[in-house]
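Asker: As input, take my_file-v7.cif (mmCIF, C-alpha atoms):
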```
data_start
#
loop_
_atom_site.group_PDB
_atom_site.id
_atom_site.type_symbol
_atom_site.label_atom_id
_atom_site.label_comp_id
_atom_site.auth_asym_id
_atom_site.auth_seq_id
_atom_site.Cartn_x
_atom_site.Cartn_y
_atom_site.Cartn_z
ATOM 1 C CA MET Z 1 186.076 32.142 167.889
ATOM 2 C CA SER Z 2 182.739 31.084 169.189
ATOM 3 C CA GLY Z 3 182.888 33.887 171.748
ATOM 4 C CA ARG Z 4 183.233 36.590 169.048
ATOM 5 C CA ILE Z 5 180.316 35.198 167.145
ATOM 6 C CA LEU Z 6 178.245 35.335 170.268
ATOM 7 C CA VAL Z 7 179.128 38.965 170.875
ATOM 8 C CA ILE Z 8 178.219 39.947 167.299
ATOM 9 C CA ALA Z 9 174.903 38.160 167.573
ATOM 10 C CA VAL Z 10 174.071 39.984 170.771
ATOM 11 C CA VAL Z 11 174.902 43.420 169.212
ATOM 12 C CA LEU Z 12 172.727 42.693 166.181
ATOM 13 C CA ALA Z 13 169.867 41.594 168.372
ATOM 14 C CA ILE Z 14 170.079 44.817 170.365
ATOM 15 C CA ALA Z 15 170.188 46.993 167.207
ATOM 16 C CA ILE Z 16 167.238 45.206 165.602
ATOM 17 C CA GLY Z 17 165.275 45.427 168.808
ATOM 18 C CA GLY Z 18 165.959 49.178 169.179
ATOM 19 C CA GLY Z 19 164.934 49.908 165.607
ATOM 20 C CA PHE Z 20 161.773 47.921 165.989
ATOM 21 C CA ALA Z 21 160.936 49.737 169.215
ATOM 22 C CA THR Z 22 161.494 53.133 167.513
ATOM 23 C CA TYR Z 23 159.274 52.117 164.576
ATOM 24 C CA MET Z 24 156.488 51.052 166.893
ATOM 25 C CA LEU Z 25 156.730 54.309 168.849
ATOM 26 C CA LEU Z 26 156.473 56.466 165.726
ATOM 27 C CA ARG Z 27 153.564 54.410 164.399
ATOM 28 C CA ASP Z 28 151.662 54.804 167.670
ATOM 29 C CA ARG Z 29 152.170 58.563 167.573
ATOM 30 C CA ALA Z 30 150.948 58.810 163.963
ATOM 31 C CA GLU Z 31 147.839 56.831 164.746
ATOM 32 C CA ALA Z 32 147.105 59.017 167.792
ATOM 33 C CA ASN Z 33 147.341 62.369 165.775
ATOM 34 C CA PRO Z 34 146.745 61.679 162.049
ATOM 35 C CA GLY Z 35 146.031 65.390 161.111
ATOM 36 C CA ALA Z 36 149.407 66.596 162.218
ATOM 37 C CA THR Z 37 151.242 64.780 159.457
ATOM 38 C CA ALA Z 38 148.753 65.785 156.768
ATOM 39 C CA GLY Z 39 148.738 69.392 157.974
ATOM 40 C CA SER Z 40 152.477 69.576 157.809
ATOM 41 C CA ARG Z 41 152.429 68.235 154.291
ATOM 42 C CA SER Z 42 149.664 70.728 153.185
ATOM 43 C CA SER Z 43 151.515 73.586 154.799
ATOM 44 C CA ARG Z 44 154.657 72.710 152.915
ATOM 45 C CA GLU Z 45 152.738 72.454 149.638
ATOM 46 C CA SER Z 46 150.984 75.807 150.116
ATOM 47 C CA GLU Z 47 154.270 77.519 150.748
ATOM 48 C CA THR Z 48 155.642 76.250 147.480
ATOM 49 C CA PRO Z 49 154.878 78.771 144.647
ATOM 50 C CA ARG Z 50 153.644 77.451 141.330
ATOM 51 C CA SER Z 51 153.970 78.734 137.832
ATOM 52 C CA ALA Z 52 151.045 79.659 135.531
ATOM 53 C CA SER Z 53 151.134 76.128 134.179
ATOM 54 C CA GLY Z 54 150.670 74.717 137.663
ATOM 55 C CA ALA Z 55 154.273 73.566 138.226
ATOM 56 C CA SER Z 56 156.066 74.592 141.389
ATOM 57 C CA THR Z 57 158.608 77.337 140.994
ATOM 58 C CA PRO Z 58 160.796 77.647 144.033
ATOM 59 C CA GLY Z 59 161.489 81.201 145.177
ATOM 60 C CA SER Z 60 158.937 82.888 142.856
ATOM 61 C CA GLU Z 61 155.582 84.637 143.487
ATOM 62 C CA PRO Z 62 152.337 82.991 142.310
ATOM 63 C CA ALA Z 63 151.598 83.980 138.682
ATOM 64 C CA THR Z 64 148.360 85.938 137.902
ATOM 65 C CA VAL Z 65 146.361 84.301 135.145
ATOM 66 C CA VAL Z 66 144.751 86.945 132.792
ATOM 67 C CA PRO Z 67 141.764 85.701 130.765
ATOM 68 C CA ARG Z 68 142.285 86.031 127.015
ATOM 69 C CA THR Z 69 139.811 88.051 124.905
ATOM 70 C CA PRO Z 70 138.726 86.126 121.829
ATOM 71 C CA ARG Z 71 139.866 87.795 118.612
ATOM 72 C CA LYS Z 72 137.310 88.799 115.939
ATOM 73 C CA ARG Z 73 137.606 86.686 112.870
ATOM 74 C CA ALA Z 74 138.356 88.450 109.608
ATOM 75 C CA GLY Z 75 135.258 88.866 107.452
ATOM 76 C CA ALA Z 76 132.879 88.261 110.358
ATOM 77 C CA PRO Z 77 129.670 90.370 110.085
ATOM 78 C CA VAL Z 78 129.625 93.513 112.220
ATOM 79 C CA ALA Z 79 126.511 93.989 114.317
ATOM 80 C CA GLU Z 80 124.775 97.261 113.399
ATOM 81 C CA ALA Z 81 123.268 99.593 115.982
ATOM 82 C CA PRO Z 82 119.472 99.553 115.966
ATOM 83 C CA ALA Z 83 117.917 102.351 113.906
ATOM 84 C CA PRO Z 84 116.165 105.075 115.927
ATOM 85 C CA VAL Z 85 112.416 104.711 116.123
ATOM 86 C CA ALA Z 86 110.661 107.416 114.089
ATOM 87 C CA THR Z 87 108.123 109.449 116.006
ATOM 88 C CA ALA Z 88 105.000 110.957 114.486
ATOM 89 C CA PRO Z 89 105.222 114.727 113.811
ATOM 90 C CA GLU Z 90 103.274 116.942 116.178
ATOM 91 C CA LEU Z 91 103.171 120.084 113.982
ATOM 92 C CA GLY Z 92 101.990 120.762 110.454
ATOM 93 C CA ARG Z 93 103.953 121.874 107.401
ATOM 94 C CA LEU Z 94 102.171 123.766 104.608
ATOM 95 C CA ARG Z 95 103.534 124.053 101.084
ATOM 96 C CA ILE Z 96 101.503 126.817 99.389
ATOM 97 C CA GLU Z 97 101.602 127.351 95.642
ATOM 98 C CA ALA Z 98 99.651 129.739 93.384
ATOM 99 C CA ASP Z 99 99.035 129.903 89.645
ATOM 100 C CA VAL Z 100 100.222 133.533 89.747
ATOM 101 C CA PRO Z 101 103.975 133.812 90.485
ATOM 102 C CA ASN Z 102 104.980 135.801 93.594
ATOM 103 C CA ALA Z 103 101.451 136.023 94.920
ATOM 104 C CA GLN Z 104 101.461 137.249 98.510
ATOM 105 C CA VAL Z 105 100.574 134.634 101.110
ATOM 106 C CA PHE Z 106 99.175 135.359 104.567
ATOM 107 C CA LEU Z 107 98.463 132.785 107.272
ATOM 108 C CA ASP Z 108 96.248 133.997 110.115
ATOM 109 C CA ARG Z 109 96.881 137.581 108.887
ATOM 110 C CA GLN Z 110 100.656 137.136 109.119
ATOM 111 C CA PHE Z 111 102.671 137.551 105.917
ATOM 112 C CA ILE Z 112 104.784 134.414 105.377
ATOM 113 C CA GLY Z 113 106.197 135.143 101.914
ATOM 114 C CA ASN Z 114 105.535 135.028 98.181
ATOM 115 C CA ALA Z 115 104.237 131.871 96.532
ATOM 116 C CA PRO Z 116 105.548 129.266 96.357
ATOM 117 C CA VAL Z 117 106.289 129.322 100.075
ATOM 118 C CA THR Z 118 106.460 126.828 102.959
ATOM 119 C CA ALA Z 119 105.041 127.458 106.412
ATOM 120 C CA GLU Z 120 106.876 125.391 109.019
ATOM 121 C CA ASN Z 121 105.739 124.340 112.503
ATOM 122 C CA VAL Z 122 102.046 125.165 112.079
ATOM 123 C CA LYS Z 123 99.913 124.144 115.025
ATOM 124 C CA PRO Z 124 97.175 121.631 114.159
ATOM 125 C CA GLY Z 125 93.714 123.140 113.950
ATOM 126 C CA THR Z 126 91.778 125.669 111.878
ATOM 127 C CA HIS Z 127 93.693 128.491 110.165
ATOM 128 C CA THR Z 128 92.849 131.258 107.693
ATOM 129 C CA LEU Z 129 94.790 131.443 104.431
ATOM 130 C CA ASN Z 130 94.763 134.596 102.284
ATOM 131 C CA VAL Z 131 96.446 134.851 98.879
ATOM 132 C CA SER Z 132 96.454 137.965 96.715
ATOM 133 C CA ALA Z 133 98.096 139.265 93.562
ATOM 134 C CA GLU Z 134 97.784 142.471 91.602
ATOM 135 C CA GLY Z 135 95.064 142.292 88.968
ATOM 136 C CA PHE Z 136 93.331 139.340 90.611
ATOM 137 C CA GLU Z 137 90.724 138.960 93.289
ATOM 138 C CA SER Z 138 92.087 137.910 96.646
ATOM 139 C CA ILE Z 139 91.258 134.448 97.890
ATOM 140 C CA ALA Z 140 90.483 133.741 101.521
ATOM 141 C CA GLN Z 141 89.863 130.223 102.689
ATOM 142 C CA THR Z 142 89.768 128.267 105.922
ATOM 143 C CA ILE Z 143 92.044 125.232 106.094
ATOM 144 C CA ASP Z 144 92.318 122.463 108.660
ATOM 145 C CA VAL Z 145 95.929 121.685 109.524
ATOM 146 C CA GLU Z 146 96.954 118.249 110.782
ATOM 147 C CA PRO Z 147 100.384 116.991 111.897
ATOM 148 C CA GLY Z 148 102.681 116.363 108.949
ATOM 149 C CA PRO Z 149 103.133 117.926 105.489
ATOM 150 C CA ARG Z 150 100.330 119.214 103.250
ATOM 151 C CA ASP Z 151 100.262 120.898 99.835
ATOM 152 C CA VAL Z 152 97.819 123.739 99.136
ATOM 153 C CA ALA Z 153 97.247 124.944 95.557
ATOM 154 C CA VAL Z 154 95.597 128.352 95.107
ATOM 155 C CA ARG Z 155 94.166 129.306 91.713
ATOM 156 C CA LEU Z 156 93.830 133.055 91.451
ATOM 157 C CA LYS Z 157 93.139 132.858 87.732
ATOM 158 C CA GLU Z 158 89.921 130.950 88.286
ATOM 159 C CA VAL Z 159 86.832 133.131 88.363
ATOM 160 C CA ARG Z 160 84.785 132.619 91.515
ATOM 161 C CA LEU Z 161 81.288 133.816 92.252
ATOM 162 C CA ASN Z 162 78.609 132.743 94.676
ATOM 163 C CA ALA Z 163 76.291 135.693 95.183
ATOM 164 C CA THR Z 164 72.703 135.667 96.442
ATOM 165 C CA LEU Z 165 70.193 138.473 96.862
ATOM 166 C CA ALA Z 166 66.661 138.502 98.237
ATOM 167 C CA VAL Z 167 64.485 140.554 95.878
ATOM 168 C CA ILE Z 168 60.968 141.510 94.922
ATOM 169 C CA HIS Z 169 60.019 141.392 91.255
ATOM 170 C CA LYS Z 170 57.600 144.183 90.397
ATOM 171 C CA HIS Z 171 54.986 143.231 87.843
ATOM 172 C CA ARG Z 172 52.861 145.650 85.953
ATOM 173 C CA VAL Z 173 50.184 144.514 88.316
ATOM 174 C CA GLY Z 174 51.378 143.180 91.647
ATOM 175 C CA SER Z 175 54.719 141.579 92.489
ATOM 176 C CA CYS Z 176 56.401 138.334 93.634
ATOM 177 C CA LYS Z 177 59.200 137.565 96.089
ATOM 178 C CA GLY Z 178 62.195 135.425 95.359
ATOM 179 C CA GLN Z 179 65.998 135.190 95.328
ATOM 180 C CA LEU Z 180 68.623 135.907 92.711
ATOM 181 C CA VAL Z 181 71.550 133.440 92.658
ATOM 182 C CA ALA Z 182 74.672 134.061 90.548
ATOM 183 C CA THR Z 183 77.688 131.795 89.864
ATOM 184 C CA PRO Z 184 80.231 131.750 87.016
ATOM 185 C CA GLN Z 185 77.936 129.268 85.293
ATOM 186 C CA GLY Z 186 74.965 131.660 85.194
ATOM 187 C CA ILE Z 187 72.229 133.518 87.037
ATOM 188 C CA ARG Z 188 68.785 132.330 88.085
ATOM 189 C CA TYR Z 189 65.703 133.679 89.787
ATOM 190 C CA ASP Z 190 64.071 131.318 92.300
ATOM 191 C CA THR Z 191 60.465 132.130 93.126
ATOM 192 C CA ASP Z 192 57.150 130.442 93.776
ATOM 193 C CA ASP Z 193 55.764 132.146 90.671
ATOM 194 C CA LYS Z 194 56.614 129.601 88.002
ATOM 195 C CA ASP Z 195 55.935 132.120 85.222
ATOM 196 C CA ASP Z 196 58.712 134.423 86.474
ATOM 197 C CA ARG Z 197 61.442 131.819 87.153
ATOM 198 C CA PHE Z 198 64.396 131.898 84.834
ATOM 199 C CA THR Z 199 67.929 130.590 84.413
ATOM 200 C CA ALA Z 200 70.416 132.189 82.032
ATOM 201 C CA GLY Z 201 74.125 132.323 81.342
ATOM 202 C CA LEU Z 202 75.978 135.472 82.370
ATOM 203 C CA GLY Z 203 76.709 136.126 78.722
ATOM 204 C CA ASP Z 204 72.988 136.031 77.952
ATOM 205 C CA LEU Z 205 72.188 139.176 79.959
ATOM 206 C CA GLU Z 206 71.360 141.893 77.479
ATOM 207 C CA GLN Z 207 70.800 144.439 80.223
ATOM 208 C CA PHE Z 208 72.124 144.299 83.780
ATOM 209 C CA VAL Z 209 72.164 147.692 85.494
ATOM 210 C CA VAL Z 210 71.175 149.349 88.771
ATOM 211 C CA ASP Z 211 69.181 152.534 88.990
ATOM 212 C CA TYR Z 212 70.443 153.686 92.361
ATOM 213 C CA LEU Z 213 67.964 156.540 92.753
ATOM 214 C CA ASP Z 214 65.024 154.369 91.777
ATOM 215 C CA LYS Z 215 66.435 151.492 93.897
ATOM 216 C CA ASN Z 216 65.899 149.135 91.056
ATOM 217 C CA LEU Z 217 67.956 146.372 89.374
ATOM 218 C CA LYS Z 218 67.034 145.892 85.741
ATOM 219 C CA ILE Z 219 67.768 142.575 84.041
ATOM 220 C CA LYS Z 220 66.891 142.016 80.373
ATOM 221 C CA LEU Z 221 67.424 138.519 78.987
ATOM 222 C CA ARG Z 222 68.578 138.205 75.426
ATOM 223 C CA LYS Z 223 65.468 137.401 73.436
ATOM 224 C CA GLY Z 224 63.536 137.214 76.687
ATOM 225 C CA LYS Z 225 61.674 139.112 79.380
ATOM 226 C CA GLN Z 226 62.741 142.190 81.286
ATOM 227 C CA TYR Z 227 62.748 142.133 85.109
ATOM 228 C CA ASN Z 228 62.684 144.953 87.630
ATOM 229 C CA PHE Z 229 63.980 143.881 91.038
ATOM 230 C CA THR Z 230 63.935 145.834 94.276
ATOM 231 C CA ASP Z 231 65.252 145.108 97.765
ATOM 232 C CA PRO Z 232 62.574 144.024 100.291
ATOM 233 C CA ASP Z 233 63.870 146.673 102.703
ATOM 234 C CA GLY Z 234 64.363 149.312 100.022
ATOM 235 C CA ASN Z 235 68.173 149.065 100.371
ATOM 236 C CA ALA Z 236 69.796 150.141 97.114
ATOM 237 C CA ASP Z 237 73.290 149.262 98.371
ATOM 238 C CA ARG Z 238 72.535 145.553 98.309
ATOM 239 C CA LEU Z 239 71.369 145.809 94.723
ATOM 240 C CA PHE Z 240 74.535 147.709 93.795
ATOM 241 C CA VAL Z 241 76.935 145.222 95.444
ATOM 242 C CA PHE Z 242 75.232 142.253 93.785
ATOM 243 C CA GLN Z 243 75.306 143.910 90.354
ATOM 244 C CA ARG Z 244 78.970 144.961 90.787
ATOM 245 C CA ASP Z 245 80.199 141.466 91.777
ATOM 246 C CA VAL Z 246 78.335 139.758 88.967
ATOM 247 C CA ASP Z 247 79.471 142.289 86.388
ATOM 248 C CA LYS Z 248 83.168 141.774 87.321
ATOM 249 C CA VAL Z 249 82.835 138.081 86.656
ATOM 250 C CA ARG Z 250 81.033 138.724 83.372
ATOM 251 C CA GLN Z 251 83.963 140.848 82.194
ATOM 252 C CA ARG Z 252 86.600 138.274 83.171
ATOM 253 C CA LEU Z 253 84.732 135.460 81.486
ATOM 254 C CA ALA Z 254 84.447 137.607 78.385
ATOM 255 C CA LYS Z 255 88.289 137.875 78.383
ATOM 256 C CA GLY Z 256 88.637 134.111 78.434
ATOM 257 C CA ASP Z 257 89.223 133.376 82.123
ATOM 258 C CA THR Z 258 87.875 130.086 83.415
ATOM 259 C CA GLY Z 259 85.034 129.976 85.891
ATOM 260 C CA ALA Z 260 85.526 127.853 89.017
ATOM 261 C CA SER Z 261 82.842 125.288 89.763
ATOM 262 C CA ASN Z 262 80.979 126.005 92.980
#
```
Can I see the file as structure tokens?
Answerer:
Amino acid sequence: MSGRILVIAVVLAIAIGGGFATYMLLRDRAEANPGATAGSRSSRESETPRSASGASTPGSEPATVVPRTPRKRAGAPVAEAPAPVATAPELGRLRIEADVPNAQVFLDRQFIGNAPVTAENVKPGTHTLNVSAEGFESIAQTIDVEPGPRDVAVRLKEVRLNATLAVIHKHRVGSCKGQLVATPQGIRYDTDDKDDRFTAGLGDLEQFVVDYLDKNLKIKLRKGKQYNFTDPDGNADRLFVFQRDVDKVRQRLAKGDTGASN
């Protein structure tokens, strides 16, 4: 009996000693190459696929995570696109009206239509405007056009007159030089001879005629003096043109047309 116990004790001692020796050998190897064990573990972990939640999924490919686009809340304000920046116009725009319907309008001698009419894309600068209508005197005026719109009102019904004439007034004895000036408001004689100066309304001319052969313009003021004017150069045509222009205005004013202020 004691012999069997001895044998069992010897076997146990050998087994314990072998296990201890194996443990010591493995520990020495681990201490000599510590990265090998860690590398094996990392390699095994990297080979193990994971799900989108991070959990390992054996036998499956790694899931691709797609970023989510935030949804727009209902009722949220919508950003508006910025309004285009307005640029200043480079050309002019003329709106031309006349007090006589369908008056013909010309811009720089080009017919653009009957009034009222609009001239588009007019280059800035100086331009000539002509407006005419049957039974009325044509109007020609220079206008300065700037970029942007502009309204031009033409009054053909207004009577216009601004006539001047250099003359010599023949006295019974001697003469004096001066200038006749006529507007819708009247006619005057400017001279250094204060006794011959006069100013009168166009309706106050009792006589206003030209003697073409005598080269003389006769003016007789109502309840006043009579004047005999000649041209300094003896040109009867100048006397005739002056008398004609003034007489046209006298007739229109007599009909009730309004004289334009000069």
Asker: Please list as a VMD selection string every residue within 8 Å of Z:Ile168, counting all atoms listed in the file and excluding residues in the same chain fewer than 5 positions away.
Answerer: chain Z and resid 175 to 178 229 to 232
Asker: Quick one: apply the PyMOL selection byres ((chain Z and resi 238-246) around 9) to the file and drop the selected residues here as a list in words.
Answerer: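 That expression, the PyMOL selection byres ((chain Z and resi 238-246) around 9), corresponds here to Leu161, Ala163, Thr164, Leu165, Val167, Ala182, Thr183, Pro184, Ile187, Leu202, Phe208, Val209, Val210, Asp211, Tyr212, Lys215, Asn216, Leu217, Phe229, Thr230, Asp231, Asn235, Ala236, Asp237, Asp247, Lys248, Val249, Arg250 and Gln251 of chain Z.
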Asker: Could you write out that same residue set with C-alpha atoms as an mmCIF file, in the coordinates of the input?
Answerer:
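Final output, saved to result_35.cif:
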```cif
data_model
loop_
_atom_site.group_PDB
_atom_site.id
_atom_site.type_symbol
_atom_site.label_atom_id
_atom_site.label_comp_id
_atom_site.auth_asym_id
_atom_site.auth_seq_id
_atom_site.Cartn_x
_atom_site.Cartn_y
_atom_site.Cartn_z
ATOM 1 C CA LEU Z 161 81.288 133.816 92.252
ATOM 2 C CA ALA Z 163 76.291 135.693 95.183
ATOM 3 C CA THR Z 164 72.703 135.667 96.442
ATOM 4 C CA LEU Z 165 70.193 138.473 96.862
ATOM 5 C CA VAL Z 167 64.485 140.554 95.878
ATOM 6 C CA ALA Z 182 74.672 134.061 90.548
ATOM 7 C CA THR Z 183 77.688 131.795 89.864
ATOM 8 C CA PRO Z 184 80.231 131.750 87.016
ATOM 9 C CA ILE Z 187 72.229 133.518 87.037
ATOM 10 C CA LEU Z 202 75.978 135.472 82.370
ATOM 11 C CA PHE Z 208 72.124 144.299 83.780
ATOM 12 C CA VAL Z 209 72.164 147.692 85.494
ATOM 13 C CA VAL Z 210 71.175 149.349 88.771
ATOM 14 C CA ASP Z 211 69.181 152.534 88.990
ATOM 15 C CA TYR Z 212 70.443 153.686 92.361
ATOM 16 C CA LYS Z 215 66.435 151.492 93.897
ATOM 17 C CA ASN Z 216 65.899 149.135 91.056
ATOM 18 C CA LEU Z 217 67.956 146.372 89.374
ATOM 19 C CA PHE Z 229 63.980 143.881 91.038
ATOM 20 C CA THR Z 230 63.935 145.834 94.276
ATOM 21 C CA ASP Z 231 65.252 145.108 97.765
ATOM 22 C CA ASN Z 235 68.173 149.065 100.371
ATOM 23 C CA ALA Z 236 69.796 150.141 97.114
ATOM 24 C CA ASP Z 237 73.290 149.262 98.371
ATOM 25 C CA ASP Z 247 79.471 142.289 86.388
ATOM 26 C CA LYS Z 248 83.168 141.774 87.321
ATOM 27 C CA VAL Z 249 82.835 138.081 86.656
ATOM 28 C CA ARG Z 250 81.033 138.724 83.372
ATOM 29 C CA GLN Z 251 83.963 140.848 82.194
#
```
Asker: Would you compute the distance between atom CA of Z:Val131 and atom CA of Z:Val105? Give it in Å to one decimal.
Answerer: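 Taking atom CA of Z:Val131 and atom CA of Z:Val105, their separation equals 4.7 Å.
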Asker: Near Z:Ala153, within 12 Å and counting all atoms listed in the file, which residues show up once chain neighbours fewer than 5 positions away are dropped, as a VMD selection string?
Answerer: chain Z and resid 94 to 100 103 105 115 to 118 129 131 139 141 143 158
Asker: Restricted to C-alpha atoms, what would the selected residues look like written as a PDB file, in the coordinates of the input?
Answerer:
```
ATOM      1  CA  LEU Z  94     102.171 123.766 104.608  1.00  0.00           C
ATOM      2  CA  ARG Z  95     103.534 124.053 101.084  1.00  0.00           C
ATOM      3  CA  ILE Z  96     101.503 126.817  99.389  1.00  0.00           C
ATOM      4  CA  GLU Z  97     101.602 127.351  95.642  1.00  0.00           C
ATOM      5  CA  ALA Z  98      99.651 129.739  93.384  1.00  0.00           C
ATOM      6  CA  ASP Z  99      99.035 129.903  89.645  1.00  0.00           C
ATOM      7  CA  VAL Z 100     100.222 133.533  89.747  1.00  0.00           C
ATOM      8  CA  ALA Z 103     101.451 136.023  94.920  1.00  0.00           C
ATOM      9  CA  VAL Z 105     100.574 134.634 101.110  1.00  0.00           C
ATOM     10  CA  ALA Z 115     104.237 131.871  96.532  1.00  0.00           C
ATOM     11  CA  PRO Z 116     105.548 129.266  96.357  1.00  0.00           C
ATOM     12  CA  VAL Z 117     106.289 129.322 100.075  1.00  0.00           C
ATOM     13  CA  THR Z 118     106.460 126.828 102.959  1.00  0.00           C
ATOM     14  CA  LEU Z 129      94.790 131.443 104.431  1.00  0.00           C
ATOM     15  CA  VAL Z 131      96.446 134.851  98.879  1.00  0.00           C
ATOM     16  CA  ILE Z 139      91.258 134.448  97.890  1.00  0.00           C
ATOM     17  CA  GLN Z 141      89.863 130.223 102.689  1.00  0.00           C
ATOM     18  CA  ILE Z 143      92.044 125.232 106.094  1.00  0.00           C
ATOM     19  CA  GLU Z 158      89.921 130.950  88.286  1.00  0.00           C
TER      20      GLU Z 158
END
```
Asker: Given the file shown, enumerate the residues that the PyMOL selection byres ((chain Z and resi 127) around 8) captures and present them as JSON, numbers by chain.
Answerer: {"Z": [107, 108, 125, 126, 128, 129, 142, 143, 144, 145]}
Asker: What is the distance between atom CA of Z:Glu120 and atom CA of Z:Ser132, in Å to one decimal?
Answerer: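 Computing the Euclidean distance for atom CA of Z:Glu120 and atom CA of Z:Ser132 yields 20.4 Å.
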Asker: Rank Z:Val152, Z:Ala166, Z:Leu213, Z:Leu205 by their smallest atom-to-atom distance to Z:Asp190, using only C-alpha atoms, and report the top residue only.
Answerer: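 Of Z:Val152, Z:Ala166, Z:Leu213, Z:Leu205, the one nearest Z:Asp190 is Z:Ala166, counting only C-alpha atoms.
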